[in-house]
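**Q** coords.pdb is the file, holding PDB, N, CA and C atoms and all ligand atoms:
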```pdb
ATOM      1  N   MET S   1      50.599  77.272 -89.939  1.00  0.00           N
ATOM      2  CA  MET S   1      50.101  78.115 -88.835  1.00  0.00           C
ATOM      3  C   MET S   1      48.575  78.213 -88.859  1.00  0.00           C
ATOM      4  N   MET S   2      47.969  78.136 -87.693  1.00  0.00           N
ATOM      5  CA  MET S   2      46.519  78.191 -87.589  1.00  0.00           C
ATOM      6  C   MET S   2      45.995  79.606 -87.854  1.00  0.00           C
ATOM      7  N   VAL S   3      44.806  79.647 -88.393  1.00  0.00           N
ATOM      8  CA  VAL S   3      44.158  80.940 -88.620  1.00  0.00           C
ATOM      9  C   VAL S   3      43.291  81.274 -87.412  1.00  0.00           C
ATOM     10  N   LYS S   4      43.367  82.526 -86.989  1.00  0.00           N
ATOM     11  CA  LYS S   4      42.563  82.998 -85.849  1.00  0.00           C
ATOM     12  C   LYS S   4      41.654  84.127 -86.277  1.00  0.00           C
ATOM     13  N   ASN S   5      40.674  84.424 -85.430  1.00  0.00           N
ATOM     14  CA  ASN S   5      39.841  85.611 -85.659  1.00  0.00           C
ATOM     15  C   ASN S   5      40.327  86.732 -84.746  1.00  0.00           C
ATOM     16  N   CYS S   6      40.470  87.905 -85.344  1.00  0.00           N
ATOM     17  CA  CYS S   6      40.922  89.058 -84.589  1.00  0.00           C
ATOM     18  C   CYS S   6      39.899  89.403 -83.506  1.00  0.00           C
ATOM     19  N   LYS S   7      40.380  89.622 -82.312  1.00  0.00           N
ATOM     20  CA  LYS S   7      39.486  89.927 -81.181  1.00  0.00           C
ATOM     21  C   LYS S   7      38.842  91.301 -81.308  1.00  0.00           C
ATOM     22  N   SER S   8      39.414  92.122 -82.173  1.00  0.00           N
ATOM     23  CA  SER S   8      38.886  93.477 -82.315  1.00  0.00           C
ATOM     24  C   SER S   8      37.931  93.598 -83.498  1.00  0.00           C
ATOM     25  N   CYS S   9      38.393  93.245 -84.697  1.00  0.00           N
ATOM     26  CA  CYS S   9      37.569  93.438 -85.889  1.00  0.00           C
ATOM     27  C   CYS S   9      36.928  92.140 -86.367  1.00  0.00           C
ATOM     28  N   GLY S  10      37.362  91.009 -85.839  1.00  0.00           N
ATOM     29  CA  GLY S  10      36.754  89.725 -86.191  1.00  0.00           C
ATOM     30  C   GLY S  10      37.275  89.104 -87.470  1.00  0.00           C
ATOM     31  N   LYS S  11      38.184  89.811 -88.144  1.00  0.00           N
ATOM     32  CA  LYS S  11      38.763  89.287 -89.381  1.00  0.00           C
ATOM     33  C   LYS S  11      39.692  88.113 -89.093  1.00  0.00           C
ATOM     34  N   GLU S  12      39.781  87.198 -90.068  1.00  0.00           N
ATOM     35  CA  GLU S  12      40.710  86.082 -89.917  1.00  0.00           C
ATOM     36  C   GLU S  12      42.123  86.558 -90.203  1.00  0.00           C
ATOM     37  N   PHE S  13      43.045  86.078 -89.426  1.00  0.00           N
ATOM     38  CA  PHE S  13      44.445  86.430 -89.668  1.00  0.00           C
ATOM     39  C   PHE S  13      45.339  85.283 -89.208  1.00  0.00           C
ATOM     40  N   LYS S  14      46.555  85.320 -89.724  1.00  0.00           N
ATOM     41  CA  LYS S  14      47.525  84.298 -89.318  1.00  0.00           C
ATOM     42  C   LYS S  14      48.477  84.904 -88.297  1.00  0.00           C
ATOM     43  N   PRO S  15      48.329  84.486 -87.055  1.00  0.00           N
ATOM     44  CA  PRO S  15      49.188  85.075 -86.021  1.00  0.00           C
ATOM     45  C   PRO S  15      50.635  84.602 -86.138  1.00  0.00           C
ATOM     46  N   TYR S  16      51.553  85.530 -85.903  1.00  0.00           N
ATOM     47  CA  TYR S  16      52.978  85.160 -85.900  1.00  0.00           C
ATOM     48  C   TYR S  16      53.255  84.282 -84.698  1.00  0.00           C
ATOM     49  N   ARG S  17      52.611  84.637 -83.615  1.00  0.00           N
ATOM     50  CA  ARG S  17      52.717  83.839 -82.393  1.00  0.00           C
ATOM     51  C   ARG S  17      51.326  83.373 -81.991  1.00  0.00           C
ATOM     52  N   SER S  18      51.247  82.239 -81.307  1.00  0.00           N
ATOM     53  CA  SER S  18      49.940  81.702 -80.917  1.00  0.00           C
ATOM     54  C   SER S  18      49.243  82.609 -79.916  1.00  0.00           C
ATOM     55  N   SER S  19      50.013  83.480 -79.249  1.00  0.00           N
ATOM     56  CA  SER S  19      49.425  84.361 -78.244  1.00  0.00           C
ATOM     57  C   SER S  19      48.812  85.617 -78.851  1.00  0.00           C
ATOM     58  N   ASN S  20      49.078  85.859 -80.138  1.00  0.00           N
ATOM     59  CA  ASN S  20      48.528  87.061 -80.778  1.00  0.00           C
ATOM     60  C   ASN S  20      47.009  86.975 -80.883  1.00  0.00           C
ATOM     61  N   LYS S  21      46.338  88.047 -80.490  1.00  0.00           N
ATOM     62  CA  LYS S  21      44.869  88.061 -80.515  1.00  0.00           C
ATOM     63  C   LYS S  21      44.312  89.016 -81.553  1.00  0.00           C
ATOM     64  N   TYR S  22      45.160  89.893 -82.046  1.00  0.00           N
ATOM     65  CA  TYR S  22      44.683  90.923 -82.976  1.00  0.00           C
ATOM     66  C   TYR S  22      45.428  90.832 -84.282  1.00  0.00           C
ATOM     67  N   CYS S  23      44.744  91.199 -85.374  1.00  0.00           N
ATOM     68  CA  CYS S  23      45.327  91.079 -86.706  1.00  0.00           C
ATOM     69  C   CYS S  23      46.387  92.138 -86.936  1.00  0.00           C
ATOM     70  N   SER S  24      46.312  93.250 -86.229  1.00  0.00           N
ATOM     71  CA  SER S  24      47.267  94.332 -86.458  1.00  0.00           C
ATOM     72  C   SER S  24      47.454  95.127 -85.176  1.00  0.00           C
ATOM     73  N   THR S  25      48.474  95.957 -85.175  1.00  0.00           N
ATOM     74  CA  THR S  25      48.700  96.817 -84.004  1.00  0.00           C
ATOM     75  C   THR S  25      47.555  97.810 -83.849  1.00  0.00           C
ATOM     76  N   VAL S  26      46.947  98.211 -84.979  1.00  0.00           N
ATOM     77  CA  VAL S  26      45.815  99.148 -84.930  1.00  0.00           C
ATOM     78  C   VAL S  26      44.662  98.525 -84.152  1.00  0.00           C
ATOM     79  N   CYS S  27      44.341  97.262 -84.455  1.00  0.00           N
ATOM     80  CA  CYS S  27      43.253  96.571 -83.761  1.00  0.00           C
ATOM     81  C   CYS S  27      43.579  96.397 -82.289  1.00  0.00           C
ATOM     82  N   ARG S  28      44.827  96.090 -82.012  1.00  0.00           N
ATOM     83  CA  ARG S  28      45.211  95.897 -80.621  1.00  0.00           C
ATOM     84  C   ARG S  28      45.045  97.211 -79.845  1.00  0.00           C
ATOM     85  N   ARG S  29      45.498  98.298 -80.487  1.00  0.00           N
ATOM     86  CA  ARG S  29      45.389  99.602 -79.842  1.00  0.00           C
ATOM     87  C   ARG S  29      43.917  99.984 -79.651  1.00  0.00           C
ATOM     88  N   ASP S  30      43.089  99.730 -80.680  1.00  0.00           N
ATOM     89  CA  ASP S  30      41.654 100.019 -80.594  1.00  0.00           C
ATOM     90  C   ASP S  30      41.022  99.265 -79.437  1.00  0.00           C
ATOM     91  N   ALA S  31      41.372  97.992 -79.334  1.00  0.00           N
ATOM     92  CA  ALA S  31      40.786  97.160 -78.284  1.00  0.00           C
ATOM     93  C   ALA S  31      41.164  97.695 -76.912  1.00  0.00           C
ATOM     94  N   HIS S  32      42.417  98.087 -76.766  1.00  0.00           N
ATOM     95  CA  HIS S  32      42.871  98.618 -75.476  1.00  0.00           C
ATOM     96  C   HIS S  32      42.193  99.952 -75.186  1.00  0.00           C
ATOM     97  N   HIS S  33      42.068 100.751 -76.238  1.00  0.00           N
ATOM     98  CA  HIS S  33      41.422 102.056 -76.091  1.00  0.00           C
ATOM     99  C   HIS S  33      39.983 101.873 -75.641  1.00  0.00           C
ATOM    100  N   GLN S  34      39.296 100.909 -76.281  1.00  0.00           N
ATOM    101  CA  GLN S  34      37.901 100.643 -75.963  1.00  0.00           C
ATOM    102  C   GLN S  34      37.771 100.180 -74.513  1.00  0.00           C
ATOM    103  N   LYS S  35      38.693  99.330 -74.101  1.00  0.00           N
ATOM    104  CA  LYS S  35      38.641  98.832 -72.725  1.00  0.00           C
ATOM    105  C   LYS S  35      38.826  99.992 -71.745  1.00  0.00           C
ATOM    106  N   ASN S  36      39.762 100.875 -72.080  1.00  0.00           N
ATOM    107  CA  ASN S  36      39.977 102.045 -71.230  1.00  0.00           C
ATOM    108  C   ASN S  36      38.721 102.905 -71.160  1.00  0.00           C
ATOM    109  N   GLU S  37      38.059 103.077 -72.295  1.00  0.00           N
ATOM    110  CA  GLU S  37      36.833 103.878 -72.313  1.00  0.00           C
ATOM    111  C   GLU S  37      35.754 103.237 -71.468  1.00  0.00           C
ATOM    112  N   GLU S  38      35.665 101.894 -71.554  1.00  0.00           N
ATOM    113  CA  GLU S  38      34.672 101.189 -70.744  1.00  0.00           C
ATOM    114  C   GLU S  38      34.996 101.334 -69.258  1.00  0.00           C
ATOM    115  N   ASP S  39      36.280 101.213 -68.936  1.00  0.00           N
ATOM    116  CA  ASP S  39      36.702 101.394 -67.541  1.00  0.00           C
ATOM    117  C   ASP S  39      36.353 102.801 -67.065  1.00  0.00           C
ATOM    118  N   ASN S  40      36.632 103.782 -67.928  1.00  0.00           N
ATOM    119  CA  ASN S  40      36.320 105.175 -67.574  1.00  0.00           C
ATOM    120  C   ASN S  40      34.825 105.361 -67.337  1.00  0.00           C
ATOM    121  N   LYS S  41      34.019 104.713 -68.191  1.00  0.00           N
ATOM    122  CA  LYS S  41      32.566 104.811 -68.065  1.00  0.00           C
ATOM    123  C   LYS S  41      32.129 104.257 -66.710  1.00  0.00           C
ATOM    124  N   ILE S  42      32.686 103.103 -66.352  1.00  0.00           N
ATOM    125  CA  ILE S  42      32.334 102.460 -65.075  1.00  0.00           C
ATOM    126  C   ILE S  42      32.746 103.365 -63.920  1.00  0.00           C
ATOM    127  N   ILE S  43      33.938 103.937 -64.014  1.00  0.00           N
ATOM    128  CA  ILE S  43      34.417 104.828 -62.948  1.00  0.00           C
ATOM    129  C   ILE S  43      33.504 106.053 -62.854  1.00  0.00           C
ATOM    130  N   MET S  44      33.138 106.610 -64.011  1.00  0.00           N
ATOM    131  CA  MET S  44      32.252 107.781 -64.034  1.00  0.00           C
ATOM    132  C   MET S  44      30.914 107.456 -63.383  1.00  0.00           C
ATOM    133  N   GLN S  45      30.365 106.274 -63.722  1.00  0.00           N
ATOM    134  CA  GLN S  45      29.078 105.872 -63.146  1.00  0.00           C
ATOM    135  C   GLN S  45      29.188 105.746 -61.633  1.00  0.00           C
ATOM    136  N   LYS S  46      30.320 105.191 -61.175  1.00  0.00           N
ATOM    137  CA  LYS S  46      30.524 105.047 -59.733  1.00  0.00           C
ATOM    138  C   LYS S  46      30.581 106.415 -59.068  1.00  0.00           C
ATOM    139  N   ILE S  47      31.283 107.349 -59.707  1.00  0.00           N
ATOM    140  CA  ILE S  47      31.400 108.704 -59.146  1.00  0.00           C
ATOM    141  C   ILE S  47      30.024 109.360 -59.101  1.00  0.00           C
ATOM    142  N   LEU S  48      29.279 109.249 -60.219  1.00  0.00           N
ATOM    143  CA  LEU S  48      27.952 109.866 -60.274  1.00  0.00           C
ATOM    144  C   LEU S  48      27.027 109.278 -59.218  1.00  0.00           C
ATOM    145  N   LYS S  49      27.107 107.961 -59.043  1.00  0.00           N
ATOM    146  CA  LYS S  49      26.278 107.288 -58.043  1.00  0.00           C
ATOM    147  C   LYS S  49      26.670 107.779 -56.649  1.00  0.00           C
ATOM    148  N   GLY S  50      27.970 107.931 -56.434  1.00  0.00           N
ATOM    149  CA  GLY S  50      28.457 108.429 -55.156  1.00  0.00           C
ATOM    150  C   GLY S  50      27.946 109.830 -54.881  1.00  0.00           C
ATOM    151  N   VAL S  51      27.992 110.680 -55.891  1.00  0.00           N
ATOM    152  CA  VAL S  51      27.503 112.060 -55.754  1.00  0.00           C
ATOM    153  C   VAL S  51      26.012 112.054 -55.455  1.00  0.00           C
ATOM    154  N   GLU S  52      25.286 111.211 -56.182  1.00  0.00           N
ATOM    155  CA  GLU S  52      23.839 111.112 -55.998  1.00  0.00           C
ATOM    156  C   GLU S  52      23.519 110.691 -54.565  1.00  0.00           C
ATOM    157  N   GLU S  53      24.241 109.681 -54.083  1.00  0.00           N
ATOM    158  CA  GLU S  53      24.006 109.199 -52.728  1.00  0.00           C
ATOM    159  C   GLU S  53      24.387 110.259 -51.696  1.00  0.00           C
ATOM    160  N   TYR S  54      25.460 110.977 -52.001  1.00  0.00           N
ATOM    161  CA  TYR S  54      25.889 112.049 -51.101  1.00  0.00           C
ATOM    162  C   TYR S  54      24.805 113.125 -51.021  1.00  0.00           C
ATOM    163  N   ASN S  55      24.257 113.492 -52.193  1.00  0.00           N
ATOM    164  CA  ASN S  55      23.198 114.506 -52.226  1.00  0.00           C
ATOM    165  C   ASN S  55      21.957 114.041 -51.478  1.00  0.00           C
ATOM    166  N   LYS S  56      21.617 112.760 -51.675  1.00  0.00           N
ATOM    167  CA  LYS S  56      20.458 112.199 -50.980  1.00  0.00           C
ATOM    168  C   LYS S  56      20.666 112.280 -49.476  1.00  0.00           C
ATOM    169  N   LYS S  57      21.874 111.888 -49.051  1.00  0.00           N
ATOM    170  CA  LYS S  57      22.198 111.912 -47.630  1.00  0.00           C
ATOM    171  C   LYS S  57      22.104 113.337 -47.081  1.00  0.00           C
ATOM    172  N   ARG S  58      22.627 114.282 -47.839  1.00  0.00           N
ATOM    173  CA  ARG S  58      22.588 115.692 -47.435  1.00  0.00           C
ATOM    174  C   ARG S  58      21.143 116.164 -47.321  1.00  0.00           C
ATOM    175  N   GLU S  59      20.326 115.731 -48.276  1.00  0.00           N
ATOM    176  CA  GLU S  59      18.916 116.102 -48.298  1.00  0.00           C
ATOM    177  C   GLU S  59      18.223 115.590 -47.039  1.00  0.00           C
ATOM    178  N   ILE S  60      18.502 114.333 -46.716  1.00  0.00           N
ATOM    179  CA  ILE S  60      17.902 113.724 -45.523  1.00  0.00           C
ATOM    180  C   ILE S  60      18.397 114.462 -44.276  1.00  0.00           C
ATOM    181  N   GLU S  61      19.687 114.749 -44.238  1.00  0.00           N
ATOM    182  CA  GLU S  61      20.258 115.467 -43.094  1.00  0.00           C
ATOM    183  C   GLU S  61      19.589 116.840 -42.936  1.00  0.00           C
ATOM    184  N   LYS S  62      19.376 117.496 -44.070  1.00  0.00           N
ATOM    185  CA  LYS S  62      18.730 118.821 -44.041  1.00  0.00           C
ATOM    186  C   LYS S  62      17.305 118.706 -43.500  1.00  0.00           C
ATOM    187  N   MET S  63      16.602 117.662 -43.970  1.00  0.00           N
ATOM    188  CA  MET S  63      15.233 117.437 -43.516  1.00  0.00           C
ATOM    189  C   MET S  63      15.209 117.160 -42.011  1.00  0.00           C
ATOM    190  N   LEU S  64      16.145 116.325 -41.572  1.00  0.00           N
ATOM    191  CA  LEU S  64      16.222 115.998 -40.144  1.00  0.00           C
ATOM    192  C   LEU S  64      16.530 117.247 -39.327  1.00  0.00           C
ATOM    193  N   GLU S  65      17.436 118.050 -39.866  1.00  0.00           N
ATOM    194  CA  GLU S  65      17.811 119.293 -39.189  1.00  0.00           C
ATOM    195  C   GLU S  65      16.592 120.205 -39.049  1.00  0.00           C
ATOM    196  N   LYS S  66      15.822 120.316 -40.142  1.00  0.00           N
ATOM    197  CA  LYS S  66      14.610 121.136 -40.132  1.00  0.00           C
ATOM    198  C   LYS S  66      13.635 120.602 -39.088  1.00  0.00           C
ATOM    199  N   HIS S  67      13.484 119.271 -39.111  1.00  0.00           N
ATOM    200  CA  HIS S  67      12.576 118.610 -38.180  1.00  0.00           C
ATOM    201  C   HIS S  67      13.017 118.875 -36.739  1.00  0.00           C
ATOM    202  N   ARG S  68      14.319 118.758 -36.504  1.00  0.00           N
ATOM    203  CA  ARG S  68      14.882 118.964 -35.171  1.00  0.00           C
ATOM    204  C   ARG S  68      14.629 120.405 -34.695  1.00  0.00           C
ATOM    205  N   LYS S  69      14.850 121.337 -35.617  1.00  0.00           N
ATOM    206  CA  LYS S  69      14.649 122.754 -35.285  1.00  0.00           C
ATOM    207  C   LYS S  69      13.186 123.037 -34.975  1.00  0.00           C
ATOM    208  N   LEU S  70      12.292 122.403 -35.759  1.00  0.00           N
ATOM    209  CA  LEU S  70      10.856 122.559 -35.537  1.00  0.00           C
ATOM    210  C   LEU S  70      10.479 122.053 -34.157  1.00  0.00           C
ATOM    211  N   LYS S  71      11.052 120.874 -33.796  1.00  0.00           N
ATOM    212  CA  LYS S  71      10.778 120.282 -32.487  1.00  0.00           C
ATOM    213  C   LYS S  71      11.285 121.219 -31.379  1.00  0.00           C
ATOM    214  N   GLU S  72      12.465 121.767 -31.610  1.00  0.00           N
ATOM    215  CA  GLU S  72      13.051 122.695 -30.639  1.00  0.00           C
ATOM    216  C   GLU S  72      12.154 123.916 -30.475  1.00  0.00           C
ATOM    217  N   PHE S  73      11.679 124.405 -31.615  1.00  0.00           N
ATOM    218  CA  PHE S  73      10.803 125.581 -31.622  1.00  0.00           C
ATOM    219  C   PHE S  73       9.506 125.294 -30.861  1.00  0.00           C
ATOM    220  N   GLU S  74       8.958 124.096 -31.125  1.00  0.00           N
ATOM    221  CA  GLU S  74       7.740 123.667 -30.450  1.00  0.00           C
ATOM    222  C   GLU S  74       7.955 123.608 -28.942  1.00  0.00           C
ATOM    223  N   ALA S  75       9.085 123.027 -28.557  1.00  0.00           N
ATOM    224  CA  ALA S  75       9.427 122.907 -27.138  1.00  0.00           C
ATOM    225  C   ALA S  75       9.547 124.291 -26.502  1.00  0.00           C
ATOM    226  N   LEU S  76      10.181 125.172 -27.253  1.00  0.00           N
ATOM    227  CA  LEU S  76      10.381 126.554 -26.792  1.00  0.00           C
ATOM    228  C   LEU S  76       9.028 127.242 -26.602  1.00  0.00           C
ATOM    229  N   CYS S  77       8.124 127.025 -27.539  1.00  0.00           N
ATOM    230  CA  CYS S  77       6.798 127.626 -27.479  1.00  0.00           C
ATOM    231  C   CYS S  77       6.043 127.126 -26.250  1.00  0.00           C
ATOM    232  N   ARG S  78       6.190 125.822 -25.989  1.00  0.00           N
ATOM    233  CA  ARG S  78       5.499 125.230 -24.871  1.00  0.00           C
ATOM    234  C   ARG S  78       5.971 125.844 -23.553  1.00  0.00           C
ATOM    235  N   VAL S  79       7.254 126.127 -23.510  1.00  0.00           N
ATOM    236  CA  VAL S  79       7.818 126.710 -22.279  1.00  0.00           C
ATOM    237  C   VAL S  79       7.314 128.145 -22.097  1.00  0.00           C
ATOM    238  N   ASN S  80       7.273 128.866 -23.223  1.00  0.00           N
ATOM    239  CA  ASN S  80       6.938 130.285 -23.137  1.00  0.00           C
ATOM    240  C   ASN S  80       5.449 130.567 -22.929  1.00  0.00           C
ATOM    241  N   PHE S  81       4.633 129.637 -23.433  1.00  0.00           N
ATOM    242  CA  PHE S  81       3.186 129.935 -23.313  1.00  0.00           C
ATOM    243  C   PHE S  81       2.517 129.064 -22.265  1.00  0.00           C
TER     244      PHE S  81
HETATM  245 ZN    ZN X   1      41.634  93.231 -86.556  1.00  0.00          ZN
END
```
Produce structure tokens that represent the structure in this file.

**A**
Amino acid sequence: MMVKNCKSCGKEFKPYRSSNKYCSTVCRRDAHHQKNEEDNKIIMQKILKGVEEYNKKREIEKMLEKHRKLKEFEALCRVNF
């Protein structure tokens, strides 16, 4: 049987099956756990970016609203004076 390197810890091991990638169930579980954590990190970053963009959009909307109100006020002043 060929010797392989564990995808998780890098140690050499003899796989029972050629499809085995990890030296032990612990390494396999660790690798899956790590992948899940990385996926979670990516999802978190996407959420944070979404929130940031939402806040930016709200900020711009607020500024536009202020600008619009100012213009309205100016127009009103012009009519009254
Ligand atoms: Zn291992």

**Q** Using the chain letters and numbers from the file, which residues does the PyMOL selection byres (((not hetatm)) within 8 of (chain X and resi 1)) grab, as a PyMOL selection string?

**A** chain S and resi 5-13+21-28

**Q** Write the residues you've just listed into a file as a PDB file, in the coordinates of the input, and include N, CA and C atoms for each of them.

**A**
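Saved the output as again-v5.pdb:
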```
ATOM      1  N   ASN S   5      40.674  84.424 -85.430  1.00  0.00           N
ATOM      2  CA  ASN S   5      39.841  85.611 -85.659  1.00  0.00           C
ATOM      3  C   ASN S   5      40.327  86.732 -84.746  1.00  0.00           C
ATOM      4  N   CYS S   6      40.470  87.905 -85.344  1.00  0.00           N
ATOM      5  CA  CYS S   6      40.922  89.058 -84.589  1.00  0.00           C
ATOM      6  C   CYS S   6      39.899  89.403 -83.506  1.00  0.00           C
ATOM      7  N   LYS S   7      40.380  89.622 -82.312  1.00  0.00           N
ATOM      8  CA  LYS S   7      39.486  89.927 -81.181  1.00  0.00           C
ATOM      9  C   LYS S   7      38.842  91.301 -81.308  1.00  0.00           C
ATOM     10  N   SER S   8      39.414  92.122 -82.173  1.00  0.00           N
ATOM     11  CA  SER S   8      38.886  93.477 -82.315  1.00  0.00           C
ATOM     12  C   SER S   8      37.931  93.598 -83.498  1.00  0.00           C
ATOM     13  N   CYS S   9      38.393  93.245 -84.697  1.00  0.00           N
ATOM     14  CA  CYS S   9      37.569  93.438 -85.889  1.00  0.00           C
ATOM     15  C   CYS S   9      36.928  92.140 -86.367  1.00  0.00           C
ATOM     16  N   GLY S  10      37.362  91.009 -85.839  1.00  0.00           N
ATOM     17  CA  GLY S  10      36.754  89.725 -86.191  1.00  0.00           C
ATOM     18  C   GLY S  10      37.275  89.104 -87.470  1.00  0.00           C
ATOM     19  N   LYS S  11      38.184  89.811 -88.144  1.00  0.00           N
ATOM     20  CA  LYS S  11      38.763  89.287 -89.381  1.00  0.00           C
ATOM     21  C   LYS S  11      39.692  88.113 -89.093  1.00  0.00           C
ATOM     22  N   GLU S  12      39.781  87.198 -90.068  1.00  0.00           N
ATOM     23  CA  GLU S  12      40.710  86.082 -89.917  1.00  0.00           C
ATOM     24  C   GLU S  12      42.123  86.558 -90.203  1.00  0.00           C
ATOM     25  N   PHE S  13      43.045  86.078 -89.426  1.00  0.00           N
ATOM     26  CA  PHE S  13      44.445  86.430 -89.668  1.00  0.00           C
ATOM     27  C   PHE S  13      45.339  85.283 -89.208  1.00  0.00           C
ATOM     28  N   LYS S  21      46.338  88.047 -80.490  1.00  0.00           N
ATOM     29  CA  LYS S  21      44.869  88.061 -80.515  1.00  0.00           C
ATOM     30  C   LYS S  21      44.312  89.016 -81.553  1.00  0.00           C
ATOM     31  N   TYR S  22      45.160  89.893 -82.046  1.00  0.00           N
ATOM     32  CA  TYR S  22      44.683  90.923 -82.976  1.00  0.00           C
ATOM     33  C   TYR S  22      45.428  90.832 -84.282  1.00  0.00           C
ATOM     34  N   CYS S  23      44.744  91.199 -85.374  1.00  0.00           N
ATOM     35  CA  CYS S  23      45.327  91.079 -86.706  1.00  0.00           C
ATOM     36  C   CYS S  23      46.387  92.138 -86.936  1.00  0.00           C
ATOM     37  N   SER S  24      46.312  93.250 -86.229  1.00  0.00           N
ATOM     38  CA  SER S  24      47.267  94.332 -86.458  1.00  0.00           C
ATOM     39  C   SER S  24      47.454  95.127 -85.176  1.00  0.00           C
ATOM     40  N   THR S  25      48.474  95.957 -85.175  1.00  0.00           N
ATOM     41  CA  THR S  25      48.700  96.817 -84.004  1.00  0.00           C
ATOM     42  C   THR S  25      47.555  97.810 -83.849  1.00  0.00           C
ATOM     43  N   VAL S  26      46.947  98.211 -84.979  1.00  0.00           N
ATOM     44  CA  VAL S  26      45.815  99.148 -84.930  1.00  0.00           C
ATOM     45  C   VAL S  26      44.662  98.525 -84.152  1.00  0.00           C
ATOM     46  N   CYS S  27      44.341  97.262 -84.455  1.00  0.00           N
ATOM     47  CA  CYS S  27      43.253  96.571 -83.761  1.00  0.00           C
ATOM     48  C   CYS S  27      43.579  96.397 -82.289  1.00  0.00           C
ATOM     49  N   ARG S  28      44.827  96.090 -82.012  1.00  0.00           N
ATOM     50  CA  ARG S  28      45.211  95.897 -80.621  1.00  0.00           C
ATOM     51  C   ARG S  28      45.045  97.211 -79.845  1.00  0.00           C
TER      52      ARG S  28
END
```

**Q** Give the helix (DSSP H, G or I) residues of chain S, as assigned by DSSP on the backbone, as JSON, numbers by chain.

**A** {"S": [25, 26, 27, 28, 29, 30, 31, 32, 33, 34, 35, 36, 37, 38, 39, 40, 41, 42, 43, 44, 45, 46, 47, 48, 49, 50, 51, 52, 53, 54, 55, 56, 57, 58, 59, 60, 61, 62, 63, 64, 65, 66, 67, 68, 69, 70, 71, 72, 73, 74, 75, 76, 77, 78, 79, 80]}

**Q** Quick one: pull the distance between atom C of Asn36 (chain S) and atom N of Asn20 (chain S), Å, one decimal.

**A**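 Value for the atom C of Asn36 (chain S)-atom N of Asn20 (chain S) distance: 21.9 Å.
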
**Q** One decimal, in Å: what's the spacing between atom C of Asn40 (chain S) and atom N of Glu52 (chain S)?

**A**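 Computing it gives 15.8 Å between the two atoms.
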
**Q** Grab all the atoms of region 74-78 of chain S that the file lists, wrap them in a box along x, y and z, add 8 Å per side, and give me centre plus edge lengths in Å (one decimal) as lines of an AutoDock Vina configuration file.

**A**
```
center_x = 7.9
center_y = 125.3
center_z = -27.3
size_x = 20.9
size_y = 20.7
size_z = 23.6
```

**Q** To one decimal in Å, tell me the separation between CA of Arg29 (chain S) and CA of Pro15 (chain S).

**A**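 Computed distance, CA of Arg29 (chain S) to CA of Pro15 (chain S), equals 16.2 Å.
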
**Q** Please extract the residues of chain S with a backbone DSSP assignment of strand (DSSP E or B) and present them as a ChimeraX atom specification.

**A** /S:4-5,12-13

**Q** Using only N, CA and C atoms, please write the residues we just selected to a file, as a PDB file, in the coordinates of the input.

**A**
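Final output, saved to result37.pdb:
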```pdb
ATOM      1  N   LYS S   4      43.367  82.526 -86.989  1.00  0.00           N
ATOM      2  CA  LYS S   4      42.563  82.998 -85.849  1.00  0.00           C
ATOM      3  C   LYS S   4      41.654  84.127 -86.277  1.00  0.00           C
ATOM      4  N   ASN S   5      40.674  84.424 -85.430  1.00  0.00           N
ATOM      5  CA  ASN S   5      39.841  85.611 -85.659  1.00  0.00           C
ATOM      6  C   ASN S   5      40.327  86.732 -84.746  1.00  0.00           C
ATOM      7  N   GLU S  12      39.781  87.198 -90.068  1.00  0.00           N
ATOM      8  CA  GLU S  12      40.710  86.082 -89.917  1.00  0.00           C
ATOM      9  C   GLU S  12      42.123  86.558 -90.203  1.00  0.00           C
ATOM     10  N   PHE S  13      43.045  86.078 -89.426  1.00  0.00           N
ATOM     11  CA  PHE S  13      44.445  86.430 -89.668  1.00  0.00           C
ATOM     12  C   PHE S  13      45.339  85.283 -89.208  1.00  0.00           C
TER      13      PHE S  13
END
```

**Q** So, with only C-alpha atoms as the atoms that count, which of S:Leu64, S:Lys71, S:Val79, S:Ser18 lies closest to Met2 (chain S)?

**A**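 For Met2 (chain S), the nearest of the given residues is S:Ser18.
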